[in-house]
>>> print(open('run-v9.txt').read())   # compact mmCIF, C-alpha atoms and all ligand atoms
# COMPACT_ATOMS: atom_id res chain seq x y z
CA MET A 1 -6.33 -20.84 2.19
CA LEU A 2 -4.57 -23.54 4.10
CA ARG A 3 -6.48 -26.70 3.47
CA SER A 4 -4.19 -29.57 2.84
CA PRO A 5 -5.47 -33.10 3.19
CA ARG A 6 -2.53 -33.57 5.53
CA THR A 7 -3.44 -30.50 7.51
CA THR A 8 -6.04 -31.83 9.83
CA GLY A 9 -6.42 -28.31 11.06
CA SER A 10 -9.21 -27.27 8.74
CA LEU A 11 -12.82 -27.73 9.31
CA LEU A 12 -13.88 -27.81 5.74
CA LEU A 13 -17.56 -27.83 5.11
CA THR A 14 -17.55 -28.01 1.37
CA GLY A 15 -20.36 -28.45 -1.05
CA MET A 16 -22.03 -25.92 -3.16
CA GLY A 17 -24.04 -23.35 -1.34
CA CYS A 18 -22.88 -24.90 1.91
CA LEU A 19 -21.04 -23.54 4.84
CA LEU A 20 -17.31 -23.26 4.65
CA LEU A 21 -15.37 -22.52 7.75
CA ALA A 22 -11.95 -21.20 7.16
CA ALA A 23 -10.23 -21.44 10.49
CA PRO A 24 -7.76 -24.26 10.90
CA LEU A 25 -8.29 -26.95 13.43
CA THR A 26 -4.77 -26.21 14.51
CA ALA A 27 -5.97 -22.81 15.69
CA LYS A 28 -3.89 -21.24 18.38
CA PRO A 29 -4.62 -22.02 22.00
CA VAL A 30 -6.81 -19.65 23.92
CA LYS A 31 -3.95 -18.32 26.02
CA HIS A 32 -2.47 -16.68 22.92
CA ARG A 33 -5.43 -14.43 22.20
CA ALA A 34 -4.66 -11.00 20.86
CA VAL A 35 -4.08 -8.29 23.41
CA ALA A 36 -5.88 -4.99 23.02
CA ALA A 37 -3.95 -2.05 21.52
CA PRO A 38 -1.57 -0.34 22.00
CA MET A 39 0.76 -3.14 21.09
CA VAL A 40 3.52 -1.13 19.44
CA LEU A 41 5.41 2.06 20.19
CA ALA A 42 3.68 5.33 19.31
CA GLY A 43 6.14 6.17 16.55
CA ALA A 44 5.58 2.87 14.77
CA MET A 45 1.82 3.22 15.18
CA ARG A 46 1.93 6.73 13.71
CA ILE A 47 3.78 5.48 10.64
CA HIS A 48 1.51 2.43 10.33
CA ARG A 49 -1.59 4.63 10.43
CA SER A 50 -0.18 6.82 7.67
CA LEU A 51 0.24 3.92 5.23
CA LEU A 52 -2.16 2.37 2.76
CA THR A 53 -2.32 -1.22 3.98
CA LEU A 54 -3.69 -4.05 1.84
CA ASP A 55 -3.64 -7.81 2.36
CA THR A 56 -3.74 -9.86 -0.85
CA HIS A 57 -5.50 -12.93 0.49
CA LEU A 58 -8.50 -12.45 2.76
CA ASP A 59 -10.50 -15.67 3.18
CA THR A 60 -13.07 -13.90 5.33
CA PRO A 61 -15.88 -14.47 2.77
CA GLU A 62 -15.91 -18.04 4.08
CA PHE A 63 -17.72 -16.68 7.13
CA PHE A 64 -20.44 -14.90 5.18
CA HIS A 65 -22.63 -18.03 5.21
CA ILE A 66 -22.71 -18.42 8.95
CA PRO A 67 -26.13 -17.54 10.37
CA GLY A 68 -25.92 -14.37 12.41
CA TRP A 69 -22.27 -13.65 11.55
CA SER A 70 -21.65 -10.04 10.48
CA ILE A 71 -18.48 -8.39 9.23
CA MET A 72 -19.61 -5.31 11.19
CA ASP A 73 -19.38 -7.07 14.57
CA ARG A 74 -16.23 -7.57 16.56
CA HIS A 75 -15.45 -11.26 16.74
CA ASP A 76 -12.97 -13.18 18.81
CA ALA A 77 -10.54 -15.61 17.24
CA THR A 78 -10.77 -17.72 20.36
CA ARG A 79 -14.58 -17.94 20.13
CA ASP A 80 -15.47 -18.35 16.46
CA PHE A 81 -11.95 -18.59 15.00
CA SER A 82 -12.45 -15.52 12.79
CA GLN A 83 -9.60 -13.05 12.27
CA VAL A 84 -10.98 -10.19 10.17
CA ASP A 85 -13.93 -7.85 10.76
CA VAL A 86 -14.48 -4.11 10.55
CA PRO A 87 -13.70 -3.31 14.21
CA ARG A 88 -10.45 -5.27 14.10
CA MET A 89 -9.52 -3.85 10.67
CA LYS A 90 -9.94 -0.38 12.19
CA GLN A 91 -7.89 -1.31 15.25
CA GLY A 92 -5.07 -2.80 13.16
CA HIS A 93 -5.42 -0.15 10.44
CA LEU A 94 -5.91 -2.60 7.62
CA ASP A 95 -7.38 -0.63 4.71
CA GLY A 96 -8.69 -3.64 2.83
CA GLY A 97 -7.39 -5.97 0.20
CA PHE A 98 -8.30 -8.82 -2.07
CA TRP A 99 -11.30 -10.80 -0.80
CA ALA A 100 -11.06 -14.36 -2.00
CA ILE A 101 -13.47 -16.54 -3.90
CA TYR A 102 -12.10 -19.84 -2.65
CA THR A 103 -13.10 -23.21 -4.07
CA PRO A 104 -11.76 -26.45 -2.59
CA GLN A 105 -10.68 -28.71 -5.42
CA GLY A 106 -13.18 -31.45 -6.22
CA PRO A 107 -13.29 -34.09 -8.94
CA LEU A 108 -12.67 -32.84 -12.47
CA THR A 109 -16.08 -34.00 -13.70
CA PRO A 110 -18.62 -31.88 -15.57
CA THR A 111 -21.13 -32.15 -12.72
CA ALA A 112 -18.69 -31.13 -9.99
CA THR A 113 -17.19 -28.37 -12.14
CA ARG A 114 -20.63 -26.93 -12.87
CA ALA A 115 -21.47 -26.93 -9.17
CA ALA A 116 -18.12 -25.27 -8.38
CA ARG A 117 -18.85 -22.57 -10.94
CA SER A 118 -22.21 -21.78 -9.33
CA ALA A 119 -20.66 -21.71 -5.86
CA ALA A 120 -17.85 -19.39 -7.00
CA ILE A 121 -20.32 -17.00 -8.63
CA MET A 122 -22.43 -17.00 -5.46
CA ARG A 123 -19.34 -16.29 -3.34
CA GLY A 124 -18.47 -13.34 -5.57
CA ILE A 125 -22.02 -12.05 -5.19
CA GLU A 126 -21.74 -12.37 -1.41
CA ILE A 127 -18.62 -10.22 -1.40
CA ARG A 128 -20.41 -7.60 -3.45
CA GLU A 129 -23.42 -7.85 -1.13
CA MET A 130 -21.13 -7.01 1.80
CA VAL A 131 -20.18 -3.79 0.02
CA ALA A 132 -23.77 -3.04 -1.00
CA ALA A 133 -25.04 -3.59 2.54
CA HIS A 134 -22.47 -1.21 4.04
CA PRO A 135 -21.79 1.49 1.44
CA ALA A 136 -20.43 3.89 4.05
CA VAL A 137 -17.86 1.31 5.16
CA PHE A 138 -16.71 -0.54 2.03
CA ALA A 139 -16.11 0.39 -1.61
CA LEU A 140 -15.38 -1.83 -4.59
CA ALA A 141 -12.13 -1.00 -6.36
CA ASP A 142 -11.95 -1.25 -10.13
CA LYS A 143 -8.42 -0.07 -10.85
CA ALA A 144 -5.27 0.03 -8.75
CA ALA A 145 -5.56 3.80 -8.53
CA ASP A 146 -8.92 3.44 -6.77
CA ALA A 147 -7.36 1.93 -3.66
CA PRO A 148 -5.68 5.07 -2.24
CA ARG A 149 -8.73 7.14 -3.17
CA ILE A 150 -11.09 4.76 -1.36
CA ALA A 151 -8.88 4.59 1.72
CA ALA A 152 -8.56 8.39 1.78
CA SER A 153 -12.35 8.61 1.86
CA GLY A 154 -12.31 6.53 5.04
CA LYS A 155 -13.69 3.36 3.45
CA LEU A 156 -12.27 -0.13 3.22
CA VAL A 157 -10.95 -1.31 -0.14
CA VAL A 158 -12.55 -4.35 -1.76
CA PHE A 159 -10.90 -6.05 -4.70
CA LEU A 160 -11.99 -9.62 -5.44
CA SER A 161 -9.67 -12.52 -6.17
CA ILE A 162 -10.00 -16.16 -7.21
CA GLU A 163 -8.25 -18.90 -5.28
CA ASN A 164 -8.41 -21.95 -7.55
CA ALA A 165 -9.61 -21.32 -11.11
CA TRP A 166 -11.25 -24.75 -11.37
CA PRO A 167 -14.79 -23.19 -11.43
CA LEU A 168 -13.99 -21.64 -14.83
CA GLY A 169 -14.33 -25.12 -16.31
CA ASP A 170 -13.20 -25.48 -19.90
CA ASP A 171 -14.09 -21.92 -20.89
CA VAL A 172 -11.40 -19.44 -19.93
CA THR A 173 -13.58 -16.59 -21.20
CA MET A 174 -15.64 -17.18 -18.03
CA LEU A 175 -12.90 -15.15 -16.36
CA ASP A 176 -14.49 -12.08 -17.92
CA VAL A 177 -17.61 -12.65 -15.80
CA PHE A 178 -15.46 -12.68 -12.69
CA TYR A 179 -13.49 -9.66 -13.91
CA LYS A 180 -16.76 -7.75 -14.22
CA MET A 181 -17.57 -8.88 -10.68
CA GLY A 182 -14.36 -7.20 -9.46
CA VAL A 183 -11.76 -9.98 -9.66
CA ARG A 184 -8.29 -8.52 -10.28
CA ILE A 185 -6.12 -11.45 -9.16
CA SER A 186 -6.64 -15.11 -10.04
CA GLY A 187 -4.81 -18.25 -9.03
CA PHE A 188 -4.68 -21.45 -11.05
CA ALA A 189 -4.69 -24.52 -8.80
CA HIS A 190 -5.16 -25.17 -5.09
CA PHE A 191 -4.00 -28.22 -3.15
CA ARG A 192 -4.60 -30.59 -6.07
CA ASP A 193 -3.85 -30.48 -9.78
CA ASN A 194 -6.67 -29.24 -11.98
CA GLN A 195 -7.34 -28.54 -15.65
CA PHE A 196 -5.08 -25.49 -15.59
CA ALA A 197 -2.00 -26.29 -13.55
CA ASP A 198 -0.07 -28.61 -11.32
CA SER A 199 -0.42 -27.93 -7.62
CA SER A 200 2.66 -27.62 -5.41
CA THR A 201 1.09 -30.27 -3.15
CA ASP A 202 0.13 -32.90 -5.76
CA LYS A 203 1.91 -35.16 -8.22
CA PRO A 204 2.72 -33.44 -11.52
CA MET A 205 0.01 -33.94 -14.09
CA TRP A 206 1.09 -31.35 -16.65
CA LYS A 207 4.70 -30.58 -15.68
CA GLY A 208 3.59 -26.97 -15.12
CA LEU A 209 0.71 -25.13 -16.74
CA SER A 210 -1.57 -27.19 -18.99
CA PRO A 211 -2.52 -25.92 -22.47
CA ALA A 212 -5.74 -24.61 -20.87
CA GLY A 213 -3.66 -22.98 -18.14
CA LYS A 214 -1.58 -21.18 -20.74
CA ALA A 215 -4.79 -20.00 -22.42
CA LEU A 216 -6.05 -18.81 -19.03
CA LEU A 217 -2.83 -16.89 -18.45
CA ALA A 218 -3.26 -15.18 -21.83
CA GLU A 219 -6.84 -14.31 -20.86
CA MET A 220 -5.59 -12.82 -17.58
CA ASN A 221 -3.11 -10.67 -19.51
CA ARG A 222 -5.85 -9.63 -21.94
CA LEU A 223 -8.25 -8.59 -19.15
CA GLY A 224 -5.80 -7.09 -16.68
CA VAL A 225 -6.05 -9.80 -14.03
CA VAL A 226 -2.82 -10.50 -12.14
CA ALA A 227 -1.75 -14.16 -12.29
CA ASP A 228 -1.33 -15.68 -8.82
CA LEU A 229 0.95 -18.71 -8.61
CA SER A 230 0.55 -19.36 -4.87
CA HIS A 231 -0.41 -23.03 -4.47
CA SER A 232 0.73 -23.85 -8.02
CA SER A 233 3.87 -25.92 -8.59
CA ASP A 234 7.32 -24.52 -9.26
CA GLY A 235 6.95 -25.76 -12.85
CA SER A 236 3.70 -23.80 -13.19
CA LEU A 237 5.48 -20.70 -11.84
CA ASP A 238 8.30 -21.23 -14.35
CA ASP A 239 5.77 -21.43 -17.19
CA ALA A 240 3.96 -18.31 -15.98
CA LEU A 241 7.23 -16.38 -15.71
CA ALA A 242 8.15 -17.45 -19.24
CA LEU A 243 4.77 -16.67 -20.79
CA SER A 244 3.11 -13.85 -18.86
CA LYS A 245 3.28 -10.42 -20.42
CA ALA A 246 2.65 -8.85 -17.01
CA PRO A 247 4.29 -9.44 -13.62
CA ILE A 248 3.28 -12.40 -11.46
CA ILE A 249 2.06 -12.40 -7.86
CA LEU A 250 2.24 -14.99 -5.12
CA THR A 251 -0.65 -13.77 -2.96
CA HIS A 252 0.14 -15.86 0.12
CA SER A 253 3.42 -17.74 0.09
CA GLY A 254 6.63 -18.07 2.02
CA CYS A 255 10.31 -18.93 1.75
CA LYS A 256 11.77 -22.43 1.55
CA ALA A 257 14.89 -21.06 3.24
CA VAL A 258 12.82 -20.58 6.41
CA PHE A 259 10.86 -23.83 6.16
CA ASP A 260 11.29 -26.41 3.40
CA HIS A 261 7.70 -27.07 2.37
CA PRO A 262 6.25 -27.46 -1.16
CA ARG A 263 4.04 -24.38 -0.59
CA ASN A 264 7.13 -22.22 -0.06
CA ILE A 265 9.49 -21.09 -2.81
CA ASP A 266 13.25 -21.21 -3.02
CA ASP A 267 15.59 -18.26 -3.41
CA ALA A 268 16.18 -18.87 -7.12
CA HIS A 269 12.44 -18.58 -7.80
CA LEU A 270 12.22 -15.51 -5.56
CA ARG A 271 14.92 -13.85 -7.66
CA ALA A 272 13.24 -14.89 -10.92
CA LEU A 273 9.89 -13.55 -9.70
CA ALA A 274 11.51 -10.21 -8.82
CA ALA A 275 13.46 -10.04 -12.09
CA HIS A 276 10.11 -10.41 -13.90
CA GLY A 277 8.72 -7.48 -11.89
CA GLY A 278 6.52 -9.58 -9.62
CA VAL A 279 5.84 -9.72 -5.92
CA ILE A 280 5.64 -12.31 -3.15
CA GLN A 281 3.11 -11.58 -0.42
CA ILE A 282 4.32 -13.24 2.75
CA ASN A 283 1.93 -15.46 4.68
CA THR A 284 1.85 -16.73 8.23
CA VAL A 285 1.60 -20.45 7.49
CA TYR A 286 4.17 -23.11 6.56
CA LEU A 287 6.66 -21.58 8.95
CA LYS A 288 7.53 -24.82 10.74
CA ALA A 289 6.60 -28.48 10.85
CA ASP A 290 3.35 -29.40 12.59
CA VAL A 291 3.75 -31.42 15.74
CA PRO A 292 1.57 -34.51 15.22
CA ASP A 293 -1.34 -34.88 17.63
CA PRO A 294 -3.29 -38.05 16.74
CA ALA A 295 -5.78 -37.52 19.59
CA ARG A 296 -6.69 -34.07 18.34
CA ASP A 297 -6.90 -35.32 14.76
CA ALA A 298 -9.27 -38.09 15.81
CA ALA A 299 -11.46 -35.70 17.79
CA MET A 300 -11.67 -33.29 14.89
CA LYS A 301 -12.48 -36.08 12.45
CA ALA A 302 -15.32 -37.21 14.68
CA MET A 303 -16.62 -33.65 14.84
CA ARG A 304 -16.49 -33.30 11.08
CA GLU A 305 -18.52 -36.48 10.70
CA LYS A 306 -21.12 -35.15 13.12
CA TYR A 307 -21.49 -31.91 11.15
CA PRO A 308 -21.22 -33.11 7.58
CA GLU A 309 -19.67 -30.77 5.10
CA ASP A 310 -22.26 -31.21 2.39
CA ARG A 311 -25.05 -29.31 4.04
CA MET A 312 -25.70 -25.89 5.54
CA LEU A 313 -25.70 -25.84 9.33
CA SER A 314 -28.42 -24.13 11.31
CA ALA A 315 -27.49 -21.40 13.75
CA SER A 316 -27.86 -23.78 16.71
CA GLU A 317 -25.78 -26.45 15.00
CA GLN A 318 -23.17 -23.85 14.20
CA THR A 319 -23.03 -22.79 17.84
CA ALA A 320 -22.81 -26.40 19.01
CA MET A 321 -20.02 -27.12 16.56
CA MET A 322 -18.04 -24.09 17.73
CA ASP A 323 -18.50 -25.20 21.34
CA GLU A 324 -17.21 -28.66 20.50
CA ARG A 325 -14.31 -27.26 18.57
CA ARG A 326 -13.29 -25.00 21.44
CA ALA A 327 -13.49 -27.96 23.81
CA ILE A 328 -11.24 -30.00 21.53
CA MET A 329 -8.73 -27.18 21.31
CA ALA A 330 -8.77 -26.78 25.09
CA ALA A 331 -8.18 -30.50 25.58
CA HIS A 332 -5.53 -30.71 22.85
CA PRO A 333 -3.87 -27.29 22.60
CA VAL A 334 -1.28 -26.50 19.98
CA LYS A 335 1.79 -26.50 22.16
CA ASP A 336 4.36 -24.90 19.93
CA GLY A 337 2.68 -22.94 17.17
CA ALA A 338 4.67 -20.74 14.83
CA THR A 339 5.51 -17.35 16.32
CA PHE A 340 5.50 -13.75 15.18
CA ALA A 341 9.31 -13.90 15.24
CA LEU A 342 9.22 -16.72 12.70
CA PHE A 343 6.82 -14.79 10.49
CA THR A 344 9.19 -11.81 10.69
CA GLU A 345 12.10 -14.05 9.72
CA ASN A 346 10.13 -15.18 6.65
CA LEU A 347 9.34 -11.58 5.69
CA LEU A 348 12.91 -10.36 6.19
CA HIS A 349 14.34 -13.25 4.22
CA ALA A 350 12.08 -12.46 1.26
CA LEU A 351 13.10 -8.79 1.50
CA LYS A 352 16.77 -9.71 1.57
CA ILE A 353 16.51 -11.95 -1.51
CA ALA A 354 13.85 -10.23 -3.62
CA GLY A 355 14.27 -6.62 -2.44
CA ALA A 356 11.81 -4.12 -1.03
CA ASP A 357 10.15 -3.62 -4.43
CA HIS A 358 9.02 -7.24 -4.58
CA VAL A 359 7.59 -8.20 -1.20
CA GLY A 360 4.20 -7.63 0.40
CA ILE A 361 1.76 -9.09 2.91
CA GLY A 362 -0.82 -11.85 2.35
CA ALA A 363 -1.14 -13.49 5.73
CA ASP A 364 -3.93 -15.99 4.85
CA TRP A 365 -6.30 -14.49 7.41
CA ASP A 366 -9.36 -16.67 7.93
CA GLY A 367 -7.71 -19.31 5.78
CA GLY A 368 -5.35 -20.82 8.29
CA GLY A 369 -3.19 -17.78 9.00
CA GLY A 370 -2.15 -16.25 12.28
CA VAL A 371 0.82 -16.93 14.54
CA VAL A 372 1.45 -16.77 18.25
CA GLY A 373 1.74 -13.04 18.87
CA MET A 374 -0.34 -12.06 15.83
CA ASP A 375 -3.70 -13.80 15.99
CA ASP A 376 -5.76 -11.45 13.89
CA VAL A 377 -5.63 -8.22 11.91
CA ALA A 378 -5.80 -6.11 15.06
CA SER A 379 -2.12 -6.97 15.54
CA LEU A 380 -0.89 -5.70 12.17
CA PRO A 381 0.93 -2.60 13.48
CA LYS A 382 3.47 -5.09 14.82
CA VAL A 383 4.52 -5.84 11.24
CA THR A 384 5.32 -2.20 10.58
CA GLU A 385 7.20 -1.98 13.87
CA ALA A 386 9.24 -5.10 13.03
CA LEU A 387 10.20 -3.65 9.64
CA LEU A 388 11.22 -0.35 11.23
CA LYS A 389 13.32 -2.22 13.78
CA ALA A 390 14.98 -4.13 10.92
CA GLY A 391 16.01 -0.81 9.40
CA TYR A 392 13.50 -0.42 6.59
CA SER A 393 12.40 3.10 5.68
CA ARG A 394 8.84 4.38 5.66
CA ASP A 395 8.95 4.35 1.85
CA ASP A 396 10.01 0.72 1.75
CA ILE A 397 7.35 -0.24 4.28
CA ALA A 398 4.74 1.61 2.22
CA LYS A 399 5.70 -0.53 -0.77
CA VAL A 400 5.41 -3.70 1.29
CA TRP A 401 1.98 -2.73 2.58
CA SER A 402 0.46 -1.88 -0.81
CA GLY A 403 2.80 -0.09 -3.20
CA ASN A 404 4.20 -3.24 -4.74
CA VAL A 405 0.92 -5.05 -5.30
CA LEU A 406 -0.65 -1.92 -6.76
CA ARG A 407 2.32 -1.47 -9.08
CA VAL A 408 1.87 -5.06 -10.27
CA LEU A 409 -1.86 -4.49 -10.79
CA MET A 410 -1.11 -1.31 -12.74
CA ALA A 411 1.28 -3.29 -14.96
CA ALA A 412 -1.53 -5.79 -15.62
CA GLU A 413 -3.86 -2.89 -16.46
CA ALA A 414 -1.26 -1.47 -18.87
CA GLU A 415 -0.83 -4.83 -20.59
CA ALA A 416 -4.63 -5.16 -20.98
CA ALA A 417 -4.83 -1.65 -22.44
CA LYS A 418 -2.08 -2.55 -24.90
CA GLU A 419 -3.87 -5.72 -25.96
CA VAL A 420 -7.12 -3.81 -26.51
CA ALA A 421 -5.22 -1.38 -28.74
CA HIS A 422 -3.41 -4.18 -30.56
CA PRO A 423 -5.49 -7.38 -30.27
CA ALA A 424 -3.64 -10.60 -30.99
CA GLY A 425 -6.33 -11.99 -33.24
ZN ZN B 1 -4.38 -20.80 0.15
>>> encode(input="run-v9.txt", output="structure tokens")
Amino acid sequence: MLRSPRTTGSLLLTGMGCLLLAAPLTAKPVKHRAVAAPMVLAGAMRIHRSLLTLDTHLDTPEFFHIPGWSIMDRHDATRDFSQVDVPRMKQGHLDGGFWAIYTPQGPLTPTATRAARSAAIMRGIEIREMVAAHPAVFALADKAADAPRIAASGKLVVFLSIENAWPLGDDVTMLDVFYKMGVRISGFAHFRDNQFADSSTDKPMWKGLSPAGKALLAEMNRLGVVADLSHSSDGSLDDALALSKAPIILTHSGCKAVFDHPRNIDDAHLRALAAHGGVIQINTVYLKADVPDPARDAAMKAMREKYPEDRMLSASEQTAMMDERRAIMAAHPVKDGATFALFTENLLHALKIAGADHVGIGADWDGGGGVVGMDDVASLPKVTEALLKAGYSRDDIAKVWSGNVLRVLMAAEAEAAKEVAHPAG
């Protein structure tokens, strides 16, 4: 989820039980809309179709609140700014992934934390309701080994994940509730520091993981939840690498060598992550500096004030807001958005430094992701084609698309099984 205070691109309708819209206000101009398949050569498409493909950070649940919006319908990124739905997953051959319970960081007060907990539980329920409503289309995955089985049955794989553990409050055993809901990956912080960790985009509060964050990490190891250090500070990542008994994941991150931004990590951390057995899932954001556009920022701010973020919008309000947003984007288009070539550069750099056993895909779809030339998941075969062109084998590409993340999840499962057999106390 790309939602920095400095990123004016997000229309963030926060508040508990209220509408959250994931798409960034810096969405790509209409002229860059995805082109219908085929978009890659037949050989690349054949290989892509043969792979198990998982994305580790799907923010699509942010759309589940919108009146009339259905995951079963084909949407258009240029109309409602959405990037993932069943028709486009089928077109791009995305087999599923980790569907995020995202919570924007609010004040660390008991009242706000309690409200965040309720909202996170409700979001988890909504993800499960998607599966329950369409049992022929989706299936919940419990273990890593379920993913290939589910995909082979023709269904889409649904793991849950937590982006920002703030809703757990001061009781890390709450993670067990989310584990039972299907959460198999959990982050610590988001754009601001919280009770568990320093954020990469905030001033250090703890110099890494807090004591509660270390307790949360131990709880993740005990349950078999993979620790996600995307959004957390480098110090938090260092602590997690030192303390975690299972490999670490960065579910949607990038390389500082491509663009020096606090959300991206440097080569030394990439190597340390790989040496610890972990994986970086490459995203499509923080690839280049934003070009400031004060007029667009002002227009978006005015729109946000008109549709306040602390209440649910009606269907007609939602439609009106989308119309206004499209008009703003037409009047103030993003002139030089990041490109697919830049995304590929990010991916190839990570592969060069960390190796093919330690890189995957987490594009931040519906959370600010997408580049010129890859607007939504329908375009994903292009990633496989780019890796083939760069000389990677089918086996390596299979690891990038799911093998590595599933190996990391299996390692977390093994650690949990060990801790059940030999509890610490
Ligand atoms: Zn994020």
>>> closest_atom_pairs(input="run-v9.txt", of="range 43-129 of chain A", to="range 283-287 of chain A", cutoff="12 Å", atoms="only C-alpha atoms", output="tab-separated table")
residue	atom	partner	partner_atom	distance
A:Asp55	CA	A:Asn283	CA	9.7
A:Thr56	CA	A:Asn283	CA	9.7
A:His57	CA	A:Asn283	CA	8.9
A:Leu58	CA	A:Asn283	CA	11.0
>>> residues_near_ligand(input="run-v9.txt", ligand="ligand ZN 1 (chain B)", cutoff="12 Å", atoms="only C-alpha atoms and all ligand atoms", output="PyMOL selection string")
chain A and resi 1-4+10+22-24+56-59+100-105+161-164+186-192+199-201+228-232+250-254+263-264+281-286+362-369
>>> residues_around(input="run-v9.txt", residues="range 357-359 of chain A", least_positions_apart="2", cutoff="12 Å", atoms="all atoms listed in the file", output="MDAnalysis selection string")
chainID A and resid 55:56 247:255 270:283 346:355 361:362 392 395:408
>>> axis_aligned_box(input="run-v9.txt", around="range 156-163 of chain A", padding_each_side="4 Å", output="JSON")
{"center_x": -10.4, "center_y": -9.5, "center_z": -2.0, "size_x": 12.3, "size_y": 26.8, "size_z": 18.4}
>>> closest_residue(input="run-v9.txt", among="A:Gly92, A:Gly97, A:Pro211, A:Gly373", to="Ala341 in chain A", atoms="all atoms listed in the file")
A:Gly373
>>> closest_residue(input="run-v9.txt", among="A:Glu345, A:Asp267, A:Glu413, A:Asp375", to="Leu387 in chain A", atoms="all atoms listed in the file")
A:Glu345
>>> atom_distance(input="run-v9.txt", atom1="CA of Gly68 in chain A", atom2="CA of Glu129 in chain A")
15.2 Å
>>> closest_residue(input="run-v9.txt", among="A:Lys155, A:His332, A:Arg222, A:Arg149", to="Arg184 in chain A", atoms="all atoms listed in the file")
A:Arg222
>>> closest_atom_pairs(input="run-v9.txt", of="range 45-105 of chain A", to="range 133-145 of chain A", cutoff="9 Å", atoms="all atoms listed in the file", output="Markdown table")
| residue | atom | partner | partner_atom | distance |
| --- | --- | --- | --- | --- |
| A:Met72 | CA | A:His134 | CA | 8.7 |
| A:Val86 | CA | A:Val137 | CA | 8.4 |
| A:Gly96 | CA | A:Phe138 | CA | 8.6 |
>>> build_atoms(input="run-v9.txt", residues="range 94-105 of chain A", atoms="N, CA, C and O atoms", output="PDB file, in the coordinates of the input")
ATOM      1  N   LEU A  94      -5.963  -1.902   8.902  1.00  0.00           N
ATOM      2  CA  LEU A  94      -5.910  -2.600   7.620  1.00  0.00           C
ATOM      3  C   LEU A  94      -6.955  -1.937   6.720  1.00  0.00           C
ATOM      4  O   LEU A  94      -8.143  -1.913   7.042  1.00  0.00           O
ATOM      5  N   ASP A  95      -6.493  -1.407   5.589  1.00  0.00           N
ATOM      6  CA  ASP A  95      -7.380  -0.630   4.710  1.00  0.00           C
ATOM      7  C   ASP A  95      -8.182  -1.490   3.747  1.00  0.00           C
ATOM      8  O   ASP A  95      -9.014  -0.960   3.017  1.00  0.00           O
ATOM      9  N   GLY A  96      -7.926  -2.765   3.721  1.00  0.00           N
ATOM     10  CA  GLY A  96      -8.690  -3.640   2.830  1.00  0.00           C
ATOM     11  C   GLY A  96      -7.778  -4.604   2.112  1.00  0.00           C
ATOM     12  O   GLY A  96      -6.695  -4.941   2.605  1.00  0.00           O
ATOM     13  N   GLY A  97      -8.214  -5.028   0.941  1.00  0.00           N
ATOM     14  CA  GLY A  97      -7.390  -5.970   0.200  1.00  0.00           C
ATOM     15  C   GLY A  97      -8.196  -6.750  -0.812  1.00  0.00           C
ATOM     16  O   GLY A  97      -9.206  -6.262  -1.332  1.00  0.00           O
ATOM     17  N   PHE A  98      -7.720  -7.944  -1.050  1.00  0.00           N
ATOM     18  CA  PHE A  98      -8.300  -8.820  -2.070  1.00  0.00           C
ATOM     19  C   PHE A  98      -9.074  -9.925  -1.351  1.00  0.00           C
ATOM     20  O   PHE A  98      -8.484 -10.757  -0.662  1.00  0.00           O
ATOM     21  N   TRP A  99     -10.395  -9.902  -1.528  1.00  0.00           N
ATOM     22  CA  TRP A  99     -11.300 -10.800  -0.800  1.00  0.00           C
ATOM     23  C   TRP A  99     -11.529 -12.014  -1.688  1.00  0.00           C
ATOM     24  O   TRP A  99     -11.995 -11.898  -2.831  1.00  0.00           O
ATOM     25  N   ALA A 100     -11.216 -13.179  -1.156  1.00  0.00           N
ATOM     26  CA  ALA A 100     -11.060 -14.360  -2.000  1.00  0.00           C
ATOM     27  C   ALA A 100     -12.361 -15.119  -2.257  1.00  0.00           C
ATOM     28  O   ALA A 100     -13.181 -15.322  -1.352  1.00  0.00           O
ATOM     29  N   ILE A 101     -12.487 -15.529  -3.517  1.00  0.00           N
ATOM     30  CA  ILE A 101     -13.470 -16.540  -3.900  1.00  0.00           C
ATOM     31  C   ILE A 101     -12.711 -17.857  -3.890  1.00  0.00           C
ATOM     32  O   ILE A 101     -11.970 -18.162  -4.825  1.00  0.00           O
ATOM     33  N   TYR A 102     -12.857 -18.607  -2.813  1.00  0.00           N
ATOM     34  CA  TYR A 102     -12.100 -19.840  -2.650  1.00  0.00           C
ATOM     35  C   TYR A 102     -12.970 -21.046  -3.000  1.00  0.00           C
ATOM     36  O   TYR A 102     -14.118 -21.136  -2.572  1.00  0.00           O
ATOM     37  N   THR A 103     -12.403 -21.969  -3.756  1.00  0.00           N
ATOM     38  CA  THR A 103     -13.100 -23.210  -4.070  1.00  0.00           C
ATOM     39  C   THR A 103     -12.189 -24.386  -3.766  1.00  0.00           C
ATOM     40  O   THR A 103     -11.120 -24.506  -4.389  1.00  0.00           O
ATOM     41  N   PRO A 104     -12.573 -25.239  -2.819  1.00  0.00           N
ATOM     42  CA  PRO A 104     -11.760 -26.450  -2.590  1.00  0.00           C
ATOM     43  C   PRO A 104     -11.847 -27.345  -3.816  1.00  0.00           C
ATOM     44  O   PRO A 104     -12.908 -27.483  -4.411  1.00  0.00           O
ATOM     45  N   GLN A 105     -10.706 -27.913  -4.193  1.00  0.00           N
ATOM     46  CA  GLN A 105     -10.680 -28.710  -5.420  1.00  0.00           C
ATOM     47  C   GLN A 105     -11.480 -29.992  -5.276  1.00  0.00           C
ATOM     48  O   GLN A 105     -11.254 -30.772  -4.363  1.00  0.00           O
TER      49      GLN A 105
END
